[in-house]
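Data first, discussion second: the structure below is written as structure tokens.
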Amino acid sequence: MKRALLLLVVAGFVFVSGFTWAATLEERVAALEEKAGSDSDFRAYWKDGLRLDSGDGAFKLQIGGRIYVDFAWMSSDDLAGFNDSVEFRTARFYTSGTIYDSFGFKLQVDLGGDKVTLKDAYVSFKDVPVVSNLKVGHFKEPFGLEELTSSKYVTFMERAIPNAFSPSRNAGVMVNSTALDKKMTWAAGVFRETSDGKDFESDDGYAVTGRITGTPWYEDEGKKVAHVGAAYSFRTNYKDMIKFEKGPEMNLAPKVVSTGDIDSDEQSRWGLEGAVVLGPLSFQGEYMHAAVDRNGGDDLDFGGYYLQASYFLTGECRPYDTKVATFSRVKPDKNFRDNGGAGAWEVAARYSNLNLSDDDIDGGELDNITVGVNWYMNPNMRVMLNYVAADVDNTTDGDADMAGVRFQVDF
Amino acid sequence: MKRALLLLVVAGFVFVSGFTWAATLEERVAALEEKAGSDSDFRAYWKDGLRLDSGDGAFKLQIGGRIYVDFAWMSSDDLAGFNDSVEFRTARFYTSGTIYDSFGFKLQVDLGGDKVTLKDAYVSFKDVPVVSNLKVGHFKEPFGLEELTSSKYVTFMERAIPNAFSPSRNAGVMVNSTALDKKMTWAAGVFRETSDGKDFESDDGYAVTGRITGTPWYEDEGKKVAHVGAAYSFRTNYKDMIKFEKGPEMNLAPKVVSTGDIDSDEQSRWGLEGAVVLGPLSFQGEYMHAAVDRNGGDDLDFGGYYLQASYFLTGECRPYDTKVATFSRVKPDKNFRDNGGAGAWEVAARYSNLNLSDDDIDGGELDNITVGVNWYMNPNMRVMLNYVAADVDNTTDGDADMAGVRFQVDF
Amino acid sequence: MKRALLLLVVAGFVFVSGFTWAATLEERVAALEEKAGSDSDFRAYWKDGLRLDSGDGAFKLQIGGRIYVDFAWMSSDDLAGFNDSVEFRTARFYTSGTIYDSFGFKLQVDLGGDKVTLKDAYVSFKDVPVVSNLKVGHFKEPFGLEELTSSKYVTFMERAIPNAFSPSRNAGVMVNSTALDKKMTWAAGVFRETSDGKDFESDDGYAVTGRITGTPWYEDEGKKVAHVGAAYSFRTNYKDMIKFEKGPEMNLAPKVVSTGDIDSDEQSRWGLEGAVVLGPLSFQGEYMHAAVDRNGGDDLDFGGYYLQASYFLTGECRPYDTKVATFSRVKPDKNFRDNGGAGAWEVAARYSNLNLSDDDIDGGELDNITVGVNWYMNPNMRVMLNYVAADVDNTTDGDADMAGVRFQVDF
């Protein structure tokens, strides 16, 4: 009986203390639950930048920016304008997001060189029938593999010189989608030539631009990729005038080849793209062409191409994004936060050519050889070292040598 | 005895396992509590934009922006300057907040058109005795219902033409408050004419501006509202010069009426406002007047007015903010995230008149009829479609037709 | 037996209900744990601004800005250009952070006066062997105690006039560290004269600049401090030209002393600093000197100095940052959120002198007496009231009086 009594006391103690304790713990859990907020609360975390996602996934925001600090040393025996330089090639703030599940936006401005330049500024609509995605605003026309690859991810400090024919960003409306289980992408849009977001008034300056790509080979989660693509753009010229010009592949180098103003109502451009990824080794090349319908004169044809090879000494590979058919962020494979932080090391070389001479237009021909070394310290920072040898075949021939170093961070 | 022993074993098991489990759970709760942080930690969530509130409510921050992409088609048989256009009417970043319970700030810049324009930039003090709120910095003078309603919420793409008399933003000090249980608001301030935040040096260019409003009728949580208001501003003119000018209600349209520079030391302006909300139907109108004290000539009087009607096909109503006596954010009533996402649909029409001719000043008279359709896809996005017919009665008479579409997102 | 049965029932009840309850509670805790996220999730909180820190401390971000609204009244009987003025002395957005433990960045732009000016824009590397910190980008050269102290924390509305010799921000590479248990700091860098982040092209305009400081006395957690320092800079001049000029200590005052352009290949500058903190009382002074190596003429020497005293009526003291040897944020000691929010009150006076005349260069001599009252309403806001009396000894002598008020918020 005493034992039963003892047992009863023990059981009672368990009962009472357990529930007292339980009540306290429950209160603490309830307090935590209140703090934890609802499904619409944001979770903030770092994934290649600051991200905020709501618990239910309906809202996703990103806030960040990027800085490229460039130092360059340039010299030429026979050409003017090649000086040493330092510049903030890019200094951008941006915010982008998805709201209410299927509506998107992005606002991005560049503040380098003490001026403000509107870059991406658009609203987008996802899950649109047939076309998947619809974008309205200021963004890149779908033309050119290297142009459409963010400057954060391109292999050299500057894009190759045939990029003189890439329309880059203009104001317009675009639809795009993938097909064949992401083995294909297509994009098409109507644009107005707004020149970096400035107000634009004219009855001319319209463009229709489209791009189609295929990925016939995609294996090992992107370690083996073959990419092919083609783009076309038909354009009416603002003020019946068109000019193509370009300098070597170092940003503040002078524009050594130029067609000058050409009297023309309309023009068309086309481009062909190819790329192969074989693990750490990759190749990429493009050809671009502009056919100018000249007023009072023969029609004109200009063209350019480049071919590049890149190799990661540390074994990473250039990641290919099947949704938009461009290359994306290189991330050091190794644990770059330990072991001395070696990060990823890439060596690369490129040959490029741009010919702006045709008929009586003697715009000149430019050849560039660029070699580069990239050090990716972490997924958000890299140091780039480029040497460029330029050969100009113009009314005055000449050579120029350029060396540049870039410190890049995006966040 | 065996049973008792069994019971003891069972009770012991309950005791031991319970407490073992309890210790583990308690540890997990403690870990969570540590993570949950203190009352001063921010909770991030979406409410018409990204918001961060501290647990104790003393700190509240907002970070966001807005983009308006405008496409316009304009034509006139007899007037120059009506071209097709595309522009980023507005591309803004902002951050605002309340800190330490009763101190506020806002910094907002517009980056449209590749230039930077300081918009709101002020510090504010809440809970100030007598006057409730005190603001110092760059913000809108208290003048005009439509001017004081954010462009995010106005019914048409552009404000009505009498807005030529609204001072908009200048640098100054303002106090404001509500009275009679929010049935009244008043605001008064002293300002300097800084023209969009530029540095300003002068011994002239001061203004004293005040506004008073009443809401005699406010029922059904704002579904039935009557608003009346009046504003007055006395102003000394920078460099003894004043000019009023305006174009039709499409942003890049040319300024077809203008007084030209008038030699004047000072002027006064006054405005009358009225609005009625009857559920989905609403009416709004204003009259504005400028009385210019001319040097070496008769004094001058200019005026303008507009009247508009709006109707929500989908049943929403224009929300009225009793604290500042302006209209605020339209939110689709229906579950816009399901059911095909119909959102809210509004149709509206406006007639407006601006007369800038008096005495020997032949600035011209402008009449505008604007009809519009607005589609509010979600609380943060809308597409606006406006048609404007303008009639100019000037030294050269003329008509112009304008159609515009705006894609708007604010976040 | 019945009792035993009862006991068994009771124990069974405890067992079952306890575990049922436990299961529920455990589920709730598990749900919370899922929400609480991983160690890489950010915790957002306010500490003199919005901060986001990841749980593991590897990522730390700050997003914010600052606004200074200045109103000034200036007059002079004998000198031109002293007008009343209002300006947004500073209107900045910034974001900075540390990522992957040891990599840093900062991007900061000023948007005052409707123009954009790149301020800090750099990447930094922490835990670098020997030198501790390495910075690359656009930031302040290590020269001058007051210049290196943020304008958020300096005692008067404007820095003292000898600041004409401070190089401020340029593009370059700098290393810095502390020594002797933070009793010493040193910094050294190579820079190019980029003038507020603009693109810069030239073969000249290089500078080598270094600073060394000591804190022989540091007691009572910084309530008693003695600081001494020296800085030196050797500079080649852009376009073989150098000019020093300055106005009195009110921002929009005219530049009343100026050397004009001096033909010179190179120059050197040096500065001496001293400061003493004795609780609420503090003293600070600097002497700066520029030695210009003139082409085709005698070498030139210019100099300037200031001495200031500040006293906190409410007992706070100016906080000294031993890591970078500058002054930092003043925080009201008293509970400024209650008791009428008296905040911190500081009175201060300064005498400063700048002599830009030497040899045949008659740049003029400027003396300033400035008295000021600062009200720190909370750690992030202050109102400054300054009176400046300027005496100019130039080709035309003259006096000027200036009064200014600043509303400052940083967040």
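How things are named: the first chain in the structure tokens is A, the next is B, and so on; residues count from 1 in each chain; ligands count from 1 in the order shown.
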For chain C, report every residue with an atom at most 6 Å from chain B (counting only C-alpha atoms), formatted as a compact mmCIF listing (two decimals) with N, CA, C and O atoms, in the first residue's frame.
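What ended up in iface-v9.txt:
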# COMPACT_ATOMS: atom_id res chain seq x y z
N ALA C 44 17.45 40.11 -39.79
CA ALA C 44 17.41 41.55 -40.10
C ALA C 44 17.12 42.31 -38.82
O ALA C 44 16.23 41.94 -38.06
N TYR C 45 17.91 43.32 -38.57
CA TYR C 45 17.70 44.10 -37.36
C TYR C 45 18.22 45.51 -37.56
O TYR C 45 18.87 45.81 -38.56
N VAL C 69 19.61 68.16 -45.46
CA VAL C 69 18.91 69.30 -46.04
C VAL C 69 19.48 70.56 -45.42
O VAL C 69 19.39 70.74 -44.21
N ASN C 83 24.76 84.53 -51.27
CA ASN C 83 23.31 84.58 -51.37
C ASN C 83 22.68 83.61 -50.38
O ASN C 83 23.34 82.71 -49.86
N ASP C 84 21.38 83.76 -50.15
CA ASP C 84 20.66 82.74 -49.40
C ASP C 84 20.63 81.49 -50.27
O ASP C 84 20.67 81.56 -51.50
N SER C 85 20.56 80.34 -49.65
CA SER C 85 20.54 79.12 -50.45
C SER C 85 19.84 77.99 -49.73
O SER C 85 19.66 78.00 -48.52
N VAL C 86 19.39 77.04 -50.51
CA VAL C 86 18.86 75.79 -49.97
C VAL C 86 19.40 74.69 -50.87
O VAL C 86 19.49 74.85 -52.08
N GLU C 87 19.82 73.59 -50.27
CA GLU C 87 20.35 72.51 -51.10
C GLU C 87 20.25 71.18 -50.37
O GLU C 87 20.16 71.13 -49.14
N GLY C 113 21.51 67.63 -55.76
CA GLY C 113 21.71 68.58 -56.85
C GLY C 113 21.37 68.01 -58.21
O GLY C 113 21.87 68.48 -59.23
N ASP C 114 20.51 66.98 -58.26
CA ASP C 114 20.06 66.38 -59.53
C ASP C 114 21.19 65.85 -60.39
O ASP C 114 21.09 65.80 -61.62
N LYS C 115 22.30 65.51 -59.76
CA LYS C 115 23.35 64.82 -60.52
C LYS C 115 23.77 63.60 -59.70
O LYS C 115 23.50 63.52 -58.50
Do a neighbour search on stretch 143-158 of chain B at 6 Å with only C-alpha atoms, toss out local chain neighbours closer than 6 positions, and write the hits as a list in words.
-> Ala231, Glu249, Thr326, Phe327, Ser328 and Arg329 of chain B
If you run DSSP on the backbone, which residues of stretch 85-262 of chain A are alpha helix (DSSP H), as a ChimeraX atom specification?
-> /A:145-148
Every residue of stretch 153-343 of chain C that DSSP places in strand (DSSP E or B), as JSON, numbers by chain = {"C": [169, 170, 171, 172, 173, 174, 175, 176, 177, 178, 179, 184, 185, 186, 187, 188, 189, 190, 191, 192, 200, 201, 206, 207, 208, 209, 210, 211, 212, 213, 214, 215, 216, 217, 218, 219, 224, 225, 226, 227, 228, 229, 230, 231, 232, 233, 234, 235, 236, 241, 242, 245, 246, 257, 258, 262, 263, 264, 265, 266, 267, 268, 269, 270, 271, 272, 273, 274, 275, 276, 277, 278, 281, 282, 283, 284, 285, 286, 287, 288, 289, 290, 291, 292, 293, 294, 300, 301, 302, 303, 304, 305, 306, 307, 308, 309, 310, 311, 312, 320, 321, 326, 327]}
Selection file, C-alpha atoms, as a CSV table (one decimal), in the first residue's frame:
chain,number,residue,atom,x,y,z
C,169,ARG,CA,38.3,60.0,-52.9
C,170,ASN,CA,40.2,58.6,-55.9
C,171,ALA,CA,40.5,55.3,-57.6
C,172,GLY,CA,43.3,53.1,-56.3
C,173,VAL,CA,44.6,50.2,-54.2
C,174,MET,CA,45.2,50.6,-50.5
C,175,VAL,CA,46.4,48.4,-47.6
C,176,ASN,CA,45.9,49.2,-44.0
C,177,SER,CA,46.2,47.7,-40.6
C,178,THR,CA,46.6,48.3,-36.9
C,179,ALA,CA,49.6,47.6,-34.7
C,184,MET,CA,48.7,52.4,-33.8
C,185,THR,CA,47.2,52.4,-37.3
C,186,TRP,CA,48.8,52.7,-40.7
C,187,ALA,CA,47.5,52.9,-44.3
C,188,ALA,CA,49.2,53.3,-47.6
C,189,GLY,CA,47.9,53.3,-51.2
C,190,VAL,CA,48.5,54.2,-54.8
C,191,PHE,CA,45.8,56.2,-56.5
C,192,ARG,CA,44.8,57.9,-59.7
C,200,PHE,CA,39.8,58.9,-66.3
C,201,GLU,CA,42.3,58.7,-69.1
C,206,TYR,CA,49.2,59.2,-60.0
C,207,ALA,CA,49.5,59.6,-56.3
C,208,VAL,CA,51.2,57.7,-53.4
C,209,THR,CA,49.6,58.4,-50.1
C,210,GLY,CA,50.2,57.1,-46.5
C,211,ARG,CA,49.0,57.9,-43.0
C,212,ILE,CA,50.2,56.7,-39.6
C,213,THR,CA,48.5,57.4,-36.3
C,214,GLY,CA,49.0,56.6,-32.6
C,215,THR,CA,46.8,56.6,-29.6
C,216,PRO,CA,49.2,57.1,-26.7
C,217,TRP,CA,46.3,57.5,-24.3
C,218,TYR,CA,43.1,55.4,-24.3
C,219,GLU,CA,41.2,54.9,-21.1
C,224,LYS,CA,39.8,59.6,-22.4
C,225,VAL,CA,41.7,59.6,-25.6
C,226,ALA,CA,44.8,61.3,-27.1
C,227,HIS,CA,45.3,60.9,-30.9
C,228,VAL,CA,48.3,62.0,-33.0
C,229,GLY,CA,48.9,61.3,-36.6
C,230,ALA,CA,50.8,62.3,-39.7
C,231,ALA,CA,50.1,61.8,-43.5
C,232,TYR,CA,52.1,62.3,-46.6
C,233,SER,CA,51.2,62.2,-50.3
C,234,PHE,CA,53.4,62.5,-53.4
C,235,ARG,CA,51.5,63.3,-56.6
C,236,THR,CA,52.1,63.8,-60.3
C,241,MET,CA,48.5,71.7,-63.8
C,242,ILE,CA,47.4,72.1,-60.1
C,245,GLU,CA,40.8,76.9,-54.0
C,246,LYS,CA,38.3,77.2,-51.2
C,257,VAL,CA,40.7,82.2,-52.3
C,258,SER,CA,42.3,80.4,-55.2
C,262,ILE,CA,49.9,76.5,-61.6
C,263,ASP,CA,52.2,74.9,-64.1
C,264,SER,CA,53.6,71.9,-62.2
C,265,ASP,CA,54.6,68.3,-62.9
C,266,GLU,CA,54.5,67.1,-59.3
C,267,GLN,CA,53.7,68.2,-55.7
C,268,SER,CA,53.8,66.7,-52.3
C,269,ARG,CA,51.4,67.3,-49.3
C,270,TRP,CA,51.8,66.5,-45.7
C,271,GLY,CA,49.5,66.9,-42.7
C,272,LEU,CA,49.7,66.6,-38.9
C,273,GLU,CA,46.8,65.7,-36.7
C,274,GLY,CA,46.0,65.8,-33.0
C,275,ALA,CA,42.9,65.3,-30.9
C,276,VAL,CA,42.1,64.9,-27.2
C,277,VAL,CA,38.9,63.6,-25.7
C,278,LEU,CA,38.3,64.4,-22.0
C,281,LEU,CA,35.0,67.9,-23.8
C,282,SER,CA,37.2,67.4,-26.8
C,283,PHE,CA,39.8,69.3,-28.8
C,284,GLN,CA,41.0,68.6,-32.4
C,285,GLY,CA,43.4,70.3,-34.7
C,286,GLU,CA,45.3,69.7,-37.9
C,287,TYR,CA,48.0,71.4,-40.0
C,288,MET,CA,48.2,70.7,-43.7
C,289,HIS,CA,50.8,71.7,-46.2
C,290,ALA,CA,51.3,71.5,-50.0
C,291,ALA,CA,54.7,71.9,-51.6
C,292,VAL,CA,54.4,72.5,-55.3
C,293,ASP,CA,57.3,71.8,-57.7
C,294,ARG,CA,56.7,74.5,-60.2
C,300,LEU,CA,55.7,77.1,-53.8
C,301,ASP,CA,54.4,76.3,-50.3
C,302,PHE,CA,50.9,76.7,-49.1
C,303,GLY,CA,49.4,75.8,-45.7
C,304,GLY,CA,46.5,75.9,-43.4
C,305,TYR,CA,45.4,74.8,-40.0
C,306,TYR,CA,42.4,74.6,-37.7
C,307,LEU,CA,41.7,74.1,-34.0
C,308,GLN,CA,38.3,73.2,-32.6
C,309,ALA,CA,36.7,72.6,-29.2
C,310,SER,CA,33.5,70.8,-28.6
C,311,TYR,CA,31.5,70.2,-25.4
C,312,PHE,CA,28.5,67.9,-24.8
C,320,TYR,CA,37.0,57.4,-31.3
C,321,ASP,CA,37.4,54.3,-33.6
C,326,THR,CA,38.8,58.5,-36.9
C,327,PHE,CA,35.8,59.7,-34.9
Please identify all polymer residues within 8 Å of stretch 375-385 of chain B, counting only C-alpha atoms, omitting same-chain residues fewer than 5 positions from it, and present them as a ChimeraX atom specification.
-> /A:100 /B:48-49,156-157,329-332,336-337,341-346,403-411
With C-alpha atoms retained, export the selected residues as a CSV table (one decimal), in the first residue's frame.
chain,number,residue,atom,x,y,z
A,100,TYR,CA,1.5,37.4,-56.9
B,48,ASP,CA,1.7,46.4,-51.4
B,49,GLY,CA,5.5,46.4,-51.3
B,156,PHE,CA,-5.5,58.9,-66.1
B,157,MET,CA,-1.9,58.6,-67.4
B,329,ARG,CA,-4.2,52.5,-53.9
B,330,VAL,CA,-6.9,50.7,-55.9
B,331,LYS,CA,-6.9,47.0,-55.1
B,332,PRO,CA,-8.8,44.5,-57.1
B,336,PHE,CA,-7.4,38.2,-58.8
B,337,ARG,CA,-4.9,35.4,-58.2
B,341,GLY,CA,-6.9,36.8,-62.8
B,342,ALA,CA,-9.5,39.2,-64.2
B,343,GLY,CA,-8.4,41.9,-61.7
B,344,ALA,CA,-10.2,45.3,-61.6
B,345,TRP,CA,-11.4,47.2,-64.7
B,346,GLU,CA,-12.1,50.9,-64.6
B,403,ALA,CA,-3.4,57.6,-77.8
B,404,GLY,CA,-1.2,56.1,-75.1
B,405,VAL,CA,-0.6,52.9,-73.2
B,406,ARG,CA,1.2,52.6,-69.9
B,407,PHE,CA,2.5,49.5,-68.1
B,408,GLN,CA,2.9,50.4,-64.5
B,409,VAL,CA,4.4,48.5,-61.6
B,410,ASP,CA,5.2,49.7,-58.1
B,411,PHE,CA,6.9,47.6,-55.5
Two-atom distance - atom CA of C:Arg318, atom CA of C:Pro280 (Å) = 7.3 Å
